[in-house]
Amino acid sequence: MIGVFFDTITYGNGDSTVLEIIEYIKGEKNIEDIHNIIYFDKNKNTLKVNKRDNGLKISDWPVPSFSGIDKKLFLSPELVLPIQSSVSCYWGKCKFCVASRDRKYQTKTAEQIISEIEILIKKYNTKYFYFWDNAISPTFLKVFSDLLLKRKIKIIYSIYARFEKEFDTELLKKLRKSGCIKINWGIDSVSKRMISFIDKGIELDNVKKILKKSKKANISNTVSIILGYPTETYDDLNENKHFFIKEKNNIDVVLIAPEVLFLEGSIFTKDIEKYQSLILTNLSERIKIADEIKHYYESKSEYCNFIAAHNLLYEDYYSKPYNKIKLKIYSIMMKNQFVFRLFINMYKKKFNNGLL
């Protein structure tokens with residue numbers, strides 16, 4: 001409850017809000033002048049919602065700081081740092097998505113990101129990074145990978161991307177050479193009718209070509225889909241199933257959401273009752289189809305468990321005998337619920353006793 005357990009709630013973009021709260025604590029700003037917060041006004045015994053703004057430009061964001069975070073608290077074989085080169089999405093049209101709701105698409109320059117990476121390598125002694133942009137454009141990646149290679153910066157990283165035709169053999173090979181070993185591709189559906197309906201803006205023929213080229217470049221492919229769109233039929237669901245079975249040699253991991261989330265701000269929620277009434281498939285049947293698809297990928301799960309390595313594959317790390325055993329044990333632990341619970345309980349006990 002606001003005013004009881006915490007003083008304010010931040011909504012929308014909170015990057016500039018944090019700075020304004022610091023100014024408020026210092027007595028340099030009034031609480032009613034802080035953007036993007038909800039707070040309890042004790043004098044008037046009511047909740048107040050302050051004005052909203054779009055936050056700082058991404059080009060003005062500082063280098064991310066992870067100071068004070070104990071690396072031992074991460075359930076990961078190595079420290080993998082998140083980094084962000086853009087906000088929003090350059091496509092920004094998918095009907096189910098809210099990525100472009102709060103602000104327009106903006107990017108940092110490749111030079112700026114390279115500088116940040118150099119600082120983070122030195123400060124935190126790690127070479128592992130994952131970009132958590134909604135989708136990085138091929139244009140940015142061409143410049144970024146060239147700079148990494150030119151400056152001989154040795155990192156291992158993963159990215160999120162759309163299936164754009166610009167991801168040709170030359171670019172994918174260059175990405176791999178620069179340290180990119182995993183791409184998380186958002187396809188969301190392989191039914192041509194549904195791709196058009198959700199306004200995904202990709203060509204299915206390009207998807208198959210890119211997956212094959214990426215795999216040939218020794219880049220791991222993770223592909224995500226959503227089941228249960230409005231108007232989606234069982235024929236559409238089976239198209240997804242047959243596609244992922246057929247393409248299993250070019251896809252390492254498939255991530256499946258068995259239902260659409262109607263998030264506030266998406267095109268779907270502008271007429272939510274209409275779109276919800278157009279859902280034609282049953283959730284239990286969608287889960288069954290999802291399980292049938294996942295069955296063909298279970299043998300690959302040791303390369304990509306869903307706690308840490310969802311963001312990164314440790315292929316070079318995995319090749320060393322000692323590390324291979326370490327990661328194998330880690331993967332078994334993540335997949336076995338009983339063992340995982342034992343580990344967590346032991347972990348909590350050590351944490352509470354001040355051993356971590």
# chains A, B, ... in the order shown; residues from 1 in each chain; ligands from 1

$ closest_atom_pairs --of "range 140-184 of chain A" --to "range 91-103 of chain A" --cutoff "12 Å" --atoms "only C-alpha atoms" --output "tab-separated table"
residue	atom	partner	partner_atom	distance
A:Ala161	CA	A:Trp91	CA	11.0
A:Arg162	CA	A:Trp91	CA	9.0
A:Phe163	CA	A:Trp91	CA	11.4
A:Glu164	CA	A:Trp91	CA	10.8

$ residues_around --residues "Ser158 in chain A" --least-positions-apart "5" --cutoff "8 Å" --atoms "only C-alpha atoms" --output "number ranges by chain"
A: 129-131, 180-184, 311-312

$ select_by_dssp --residues "range 136-271 of chain A" --states "helix (DSSP H, G or I)" --output "PDB file with C-alpha atoms, in the first residue's frame"
ATOM      1  CA  PRO A 138      21.021  -5.006 -38.843  1.00  0.00           C
ATOM      2  CA  THR A 139      22.295  -1.505 -39.603  1.00  0.00           C
ATOM      3  CA  PHE A 140      23.532  -1.041 -36.038  1.00  0.00           C
ATOM      4  CA  LEU A 141      25.007  -4.542 -35.921  1.00  0.00           C
ATOM      5  CA  LYS A 142      27.088  -4.020 -39.055  1.00  0.00           C
ATOM      6  CA  VAL A 143      28.829  -0.995 -37.524  1.00  0.00           C
ATOM      7  CA  PHE A 144      29.034  -2.555 -34.046  1.00  0.00           C
ATOM      8  CA  SER A 145      30.611  -5.843 -35.183  1.00  0.00           C
ATOM      9  CA  ASP A 146      33.095  -3.983 -37.395  1.00  0.00           C
ATOM     10  CA  LEU A 147      34.208  -1.872 -34.432  1.00  0.00           C
ATOM     11  CA  LEU A 148      34.608  -4.890 -32.150  1.00  0.00           C
ATOM     12  CA  LEU A 149      36.808  -6.615 -34.712  1.00  0.00           C
ATOM     13  CA  LYS A 150      38.780  -3.493 -35.559  1.00  0.00           C
ATOM     14  CA  ARG A 151      39.568  -2.787 -31.892  1.00  0.00           C
ATOM     15  CA  THR A 169      25.650 -14.749 -44.747  1.00  0.00           C
ATOM     16  CA  GLU A 170      28.231 -11.961 -44.618  1.00  0.00           C
ATOM     17  CA  LEU A 171      26.640 -10.185 -41.642  1.00  0.00           C
ATOM     18  CA  LEU A 172      25.985 -13.378 -39.690  1.00  0.00           C
ATOM     19  CA  LYS A 173      29.573 -14.562 -40.139  1.00  0.00           C
ATOM     20  CA  LYS A 174      30.827 -11.169 -39.027  1.00  0.00           C
ATOM     21  CA  LEU A 175      28.579 -11.246 -35.958  1.00  0.00           C
ATOM     22  CA  ARG A 176      29.908 -14.673 -34.986  1.00  0.00           C
ATOM     23  CA  LYS A 177      33.500 -13.572 -35.487  1.00  0.00           C
ATOM     24  CA  SER A 178      32.886 -10.534 -33.265  1.00  0.00           C
ATOM     25  CA  LYS A 192       1.233 -16.492 -43.131  1.00  0.00           C
ATOM     26  CA  ARG A 193      -2.331 -15.480 -42.338  1.00  0.00           C
ATOM     27  CA  MET A 194      -1.461 -14.774 -38.683  1.00  0.00           C
ATOM     28  CA  ILE A 195       1.758 -12.959 -39.592  1.00  0.00           C
ATOM     29  CA  SER A 196      -0.387 -10.605 -41.647  1.00  0.00           C
ATOM     30  CA  PHE A 197      -3.092 -10.347 -38.972  1.00  0.00           C
ATOM     31  CA  LEU A 204       8.342 -16.618 -43.883  1.00  0.00           C
ATOM     32  CA  ASP A 205      10.703 -17.563 -46.733  1.00  0.00           C
ATOM     33  CA  ASN A 206      13.322 -15.236 -45.222  1.00  0.00           C
ATOM     34  CA  VAL A 207      12.869 -16.886 -41.827  1.00  0.00           C
ATOM     35  CA  LYS A 208      13.939 -20.304 -43.122  1.00  0.00           C
ATOM     36  CA  LYS A 209      16.912 -18.887 -45.021  1.00  0.00           C
ATOM     37  CA  ILE A 210      18.139 -16.807 -42.098  1.00  0.00           C
ATOM     38  CA  LEU A 211      17.879 -19.681 -39.606  1.00  0.00           C
ATOM     39  CA  LYS A 212      19.931 -21.886 -41.920  1.00  0.00           C
ATOM     40  CA  LYS A 213      22.569 -19.196 -42.538  1.00  0.00           C
ATOM     41  CA  SER A 214      22.793 -18.355 -38.834  1.00  0.00           C
ATOM     42  CA  LYS A 215      23.276 -22.009 -37.894  1.00  0.00           C
ATOM     43  CA  LYS A 216      25.913 -22.392 -40.610  1.00  0.00           C
ATOM     44  CA  TYR A 234      -6.218 -25.149 -35.130  1.00  0.00           C
ATOM     45  CA  ASP A 235      -4.865 -25.291 -38.678  1.00  0.00           C
ATOM     46  CA  ASP A 236      -2.708 -22.259 -37.847  1.00  0.00           C
ATOM     47  CA  LEU A 237      -1.513 -23.931 -34.630  1.00  0.00           C
ATOM     48  CA  ASN A 238      -0.548 -27.046 -36.547  1.00  0.00           C
ATOM     49  CA  GLU A 239       1.392 -24.929 -39.047  1.00  0.00           C
ATOM     50  CA  ASN A 240       3.536 -23.795 -36.116  1.00  0.00           C
ATOM     51  CA  LYS A 241       3.964 -27.370 -34.945  1.00  0.00           C
ATOM     52  CA  HIS A 242       5.018 -28.701 -38.335  1.00  0.00           C
ATOM     53  CA  PHE A 243       7.376 -25.770 -38.932  1.00  0.00           C
ATOM     54  CA  PHE A 244       9.300 -26.262 -35.691  1.00  0.00           C
ATOM     55  CA  ILE A 245       9.546 -30.004 -36.150  1.00  0.00           C
ATOM     56  CA  LYS A 246      10.833 -29.534 -39.691  1.00  0.00           C
ATOM     57  CA  PHE A 268      -5.394  -5.578 -29.013  1.00  0.00           C
ATOM     58  CA  THR A 269      -6.419  -3.803 -25.799  1.00  0.00           C
ATOM     59  CA  LYS A 270      -7.862  -0.810 -27.631  1.00  0.00           C
ATOM     60  CA  ASP A 271     -10.838  -3.070 -28.370  1.00  0.00           C
TER      61      ASP A 271
END
